[in-house]
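**Q** Before anything else, here's the structure in question.
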Amino acid sequence: MPTGTPHDPAPGPRRGPGARLRPFDPAAPADLSGLYEVCLRTGFHGEDATGRYADPLLLGDVYAGPYAAHDPALVTVVDDGDGGSGGRVAGYVIGCADTLAFEQWAREHWWAGVRRRHRGFVAAGHEPTAMDTALLRSLDTPPGPRPHLLGRSGFPAHLHIDLLPRVQGRGLGRRLVEHLLVQLAGRGVPGVHLGVSTRNPGAVAFYRRLGFSELDGAEPGSGGLTMGLRLR
């Protein structure tokens, strides 16, 4: 499920020492590795997916890396100055202004490299899990709203947001999303959608507070909701 764990409660935000929003730096390897780490550590219905995927880079290769490569200006990170193994990235919002154009770009420039890298991972003696296999298969038929919702008058943009537990509950999730919405509106985007797991009710409630509502676009039995928001 492409969107993770904002977990910002309704009461006023708490400003933790050093936590700030800043643009993603595509020239900084620590920023990219930080995106991948956050993606993995929030990748199982908002909880840590470490160990559920044999290939620890696969989730990031699908839900973080291509966005950072395709349109890095729509990537904003939370930097809390922790200096851990993922640099100082403790959260992010990742945006895509045109889903159909992004999917076409990924088919032409990204997914083949992901499959090639993963084949090398398996050839090195690692046994993929069922979740590795299912995620790779999803690249051929990416989930999401039906095509009529992605047109110029619909919800062509989409986003992913994830925060590590140490920076949740500070209002940072709301600030990340609102910052991205301003960016998208500035590009003339009419609407944005996202996918959220029904097993993550806190995230569903968070998006409802931001004005998102359910769209008729999720695949039956997918265990997820597709939610959208019109941009002024």
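Convention: chains lettered A, B, ... in structure tokens order; per-chain residue numbering from 1; ligands numbered from 1 as shown.
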Output as an MDAnalysis selection string all residues of stretch 92-216 of chain A that backbone DSSP marks as strand (DSSP E).
**A** chainID A and resid 92:96 157:163 191:197 213:214
**Q** Once you count only C-alpha atoms, what closest atom pair and distance in Å to one decimal does each residue of stretch 70-149 of chain A within 10 Å of stretch 157-163 of chain A have, with rows by chain and rising residue number, as a Markdown table?
**A**
```
| residue | atom | partner | partner_atom | distance |
| --- | --- | --- | --- | --- |
| A:Leu74 | CA | A:Leu159 | CA | 9.3 |
| A:Val75 | CA | A:Leu159 | CA | 9.7 |
| A:Thr76 | CA | A:Ile161 | CA | 9.6 |
| A:Val77 | CA | A:Leu163 | CA | 9.4 |
| A:Val78 | CA | A:Leu163 | CA | 8.1 |
| A:Val89 | CA | A:Leu163 | CA | 9.3 |
| A:Ala90 | CA | A:Leu163 | CA | 6.1 |
| A:Gly91 | CA | A:Leu163 | CA | 4.0 |
| A:Tyr92 | CA | A:Asp162 | CA | 5.7 |
| A:Val93 | CA | A:Ile161 | CA | 4.3 |
| A:Ile94 | CA | A:His160 | CA | 5.2 |
| A:Gly95 | CA | A:Leu159 | CA | 4.4 |
| A:Cys96 | CA | A:Ala157 | CA | 5.3 |
| A:Ala97 | CA | A:Ala157 | CA | 4.3 |
| A:Asp98 | CA | A:Ala157 | CA | 5.0 |
| A:Thr99 | CA | A:Ala157 | CA | 5.6 |
| A:Leu100 | CA | A:Ala157 | CA | 8.9 |
| A:Phe102 | CA | A:Ala157 | CA | 9.6 |
| A:Gly144 | CA | A:His158 | CA | 9.5 |
```
**Q** Filtering to all heavy atoms, could you give me those residues as a compact mmCIF listing (two decimals), in the first residue's frame?
**A**
```txt
# COMPACT_ATOMS: atom_id res chain seq x y z
N LEU A 74 9.48 17.51 -5.88
CA LEU A 74 8.28 17.17 -5.14
C LEU A 74 8.56 16.20 -4.00
O LEU A 74 7.65 15.51 -3.52
CB LEU A 74 7.23 16.58 -6.08
CG LEU A 74 6.65 17.54 -7.12
CD1 LEU A 74 5.58 16.86 -7.96
CD2 LEU A 74 6.09 18.80 -6.47
N VAL A 75 9.80 16.14 -3.55
CA VAL A 75 10.18 15.33 -2.39
C VAL A 75 10.64 16.27 -1.29
O VAL A 75 11.57 17.06 -1.48
CB VAL A 75 11.30 14.33 -2.73
CG1 VAL A 75 11.63 13.47 -1.50
CG2 VAL A 75 10.92 13.45 -3.91
N THR A 76 9.99 16.19 -0.15
CA THR A 76 10.36 16.97 1.03
C THR A 76 10.59 16.01 2.18
O THR A 76 9.81 15.06 2.37
CB THR A 76 9.26 17.98 1.40
OG1 THR A 76 9.05 18.87 0.30
CG2 THR A 76 9.65 18.79 2.63
N VAL A 77 11.65 16.22 2.94
CA VAL A 77 12.00 15.30 4.02
C VAL A 77 11.91 15.99 5.38
O VAL A 77 11.97 17.22 5.48
CB VAL A 77 13.41 14.71 3.84
CG1 VAL A 77 13.53 14.00 2.49
CG2 VAL A 77 14.49 15.78 3.97
N VAL A 78 11.74 15.16 6.41
CA VAL A 78 11.90 15.60 7.79
C VAL A 78 13.32 15.28 8.21
O VAL A 78 13.75 14.13 8.14
CB VAL A 78 10.90 14.89 8.72
CG1 VAL A 78 11.19 15.25 10.19
CG2 VAL A 78 9.47 15.26 8.36
N VAL A 89 17.32 11.69 7.68
CA VAL A 89 15.95 11.65 7.19
C VAL A 89 15.11 10.77 8.11
O VAL A 89 15.39 9.60 8.29
CB VAL A 89 15.90 11.11 5.74
CG1 VAL A 89 14.45 10.96 5.28
CG2 VAL A 89 16.66 12.04 4.80
N ALA A 90 14.08 11.37 8.70
CA ALA A 90 13.20 10.63 9.60
C ALA A 90 11.77 10.57 9.07
O ALA A 90 10.90 10.00 9.72
CB ALA A 90 13.20 11.28 10.98
N GLY A 91 11.54 11.13 7.90
CA GLY A 91 10.22 11.10 7.29
C GLY A 91 10.26 11.83 5.97
O GLY A 91 11.24 12.49 5.63
N TYR A 92 9.17 11.70 5.22
CA TYR A 92 9.13 12.36 3.91
C TYR A 92 7.71 12.42 3.39
O TYR A 92 6.82 11.68 3.82
CB TYR A 92 10.01 11.63 2.89
CG TYR A 92 9.64 10.19 2.65
CD1 TYR A 92 8.50 9.82 1.92
CD2 TYR A 92 10.42 9.14 3.18
CE1 TYR A 92 8.16 8.49 1.72
CE2 TYR A 92 10.08 7.82 2.98
CZ TYR A 92 8.95 7.50 2.25
OH TYR A 92 8.60 6.18 2.06
N VAL A 93 7.51 13.31 2.45
CA VAL A 93 6.36 13.26 1.55
C VAL A 93 6.93 13.24 0.14
O VAL A 93 7.90 13.95 -0.17
CB VAL A 93 5.39 14.43 1.75
CG1 VAL A 93 5.99 15.76 1.34
CG2 VAL A 93 4.09 14.18 0.99
N ILE A 94 6.36 12.39 -0.69
CA ILE A 94 6.80 12.23 -2.07
C ILE A 94 5.60 12.46 -2.97
O ILE A 94 4.53 11.89 -2.74
CB ILE A 94 7.36 10.81 -2.31
CG1 ILE A 94 8.70 10.66 -1.58
CG2 ILE A 94 7.52 10.51 -3.79
CD1 ILE A 94 9.26 9.26 -1.64
N GLY A 95 5.77 13.30 -3.98
CA GLY A 95 4.66 13.62 -4.85
C GLY A 95 4.91 13.30 -6.30
O GLY A 95 6.06 13.16 -6.74
N CYS A 96 3.82 13.21 -7.02
CA CYS A 96 3.84 12.97 -8.46
C CYS A 96 2.70 13.79 -9.05
O CYS A 96 1.54 13.59 -8.66
CB CYS A 96 3.66 11.48 -8.73
SG CYS A 96 3.25 11.08 -10.42
N ALA A 97 3.00 14.72 -9.94
CA ALA A 97 1.97 15.62 -10.46
C ALA A 97 1.07 14.96 -11.49
O ALA A 97 -0.09 15.35 -11.64
CB ALA A 97 2.63 16.86 -11.08
N ASP A 98 1.56 13.97 -12.21
CA ASP A 98 0.79 13.31 -13.27
C ASP A 98 1.06 11.81 -13.20
O ASP A 98 2.11 11.34 -13.63
CB ASP A 98 1.21 13.87 -14.63
CG ASP A 98 0.38 13.33 -15.79
OD1 ASP A 98 -0.12 12.19 -15.69
OD2 ASP A 98 0.24 14.03 -16.81
N THR A 99 0.14 11.07 -12.63
CA THR A 99 0.34 9.64 -12.39
C THR A 99 0.56 8.87 -13.68
O THR A 99 1.45 8.00 -13.75
CB THR A 99 -0.86 9.05 -11.62
OG1 THR A 99 -0.92 9.67 -10.33
CG2 THR A 99 -0.74 7.55 -11.45
N LEU A 100 -0.23 9.13 -14.70
CA LEU A 100 -0.10 8.39 -15.95
C LEU A 100 1.26 8.64 -16.59
O LEU A 100 1.90 7.71 -17.10
CB LEU A 100 -1.23 8.77 -16.91
CG LEU A 100 -2.64 8.38 -16.44
CD1 LEU A 100 -3.68 8.85 -17.46
CD2 LEU A 100 -2.75 6.88 -16.22
N PHE A 102 3.98 9.54 -14.99
CA PHE A 102 4.97 8.90 -14.13
C PHE A 102 5.05 7.41 -14.41
O PHE A 102 6.13 6.83 -14.51
CB PHE A 102 4.63 9.13 -12.66
CG PHE A 102 5.42 8.28 -11.71
CD1 PHE A 102 6.73 8.61 -11.40
CD2 PHE A 102 4.86 7.14 -11.13
CE1 PHE A 102 7.48 7.80 -10.53
CE2 PHE A 102 5.60 6.35 -10.27
CZ PHE A 102 6.91 6.68 -9.98
N GLY A 144 -4.35 1.44 -8.24
CA GLY A 144 -4.68 2.85 -8.17
C GLY A 144 -6.06 3.12 -8.72
O GLY A 144 -6.80 2.20 -9.08
```
**Q** Can you list, as a ChimeraX atom specification, every protein, DNA or RNA residue that comes within 10 Å of A:His109 when you count only C-alpha atoms, leaving out same-chain residues fewer than 4 positions away?
**A** /A:66,69-70,103-105,113-114
**Q** So that I have them on file, write out the residues from the current selection with C-alpha atoms, as a compact mmCIF listing (two decimals), in the first residue's frame.
**A**
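Generated file (part-v6.txt):
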```txt
# COMPACT_ATOMS: atom_id res chain seq x y z
CA PRO A 66 11.54 6.37 -8.72
CA ALA A 69 14.59 10.30 -9.69
CA HIS A 70 11.55 11.44 -11.67
CA GLU A 103 3.89 5.31 -14.79
CA GLN A 104 4.95 5.60 -18.41
CA TRP A 105 8.34 7.02 -17.36
CA GLY A 113 16.56 -1.71 -13.50
CA VAL A 114 14.64 -2.76 -10.40
```
**Q** Pick out each residue of stretch 34-215 of chain A that DSSP on the backbone tags as alpha helix (DSSP H); I need them as a ChimeraX atom specification.
**A** /A:34-41,58-63,65-70,99-109,111-123,130-138,172-186,201-209
**Q** Would you mind listing what lies within 6 Å of stretch 192-208 of chain A as a list in words, with only C-alpha atoms counted and same-chain residues fewer than 6 positions away left out?
**A** Pro2, Thr3, Thr5, His45, Phe155, Ala157, His158, Leu159, Gly223, Gly224, Leu225, Thr226, Met227, Gly228 and Leu229 of chain A
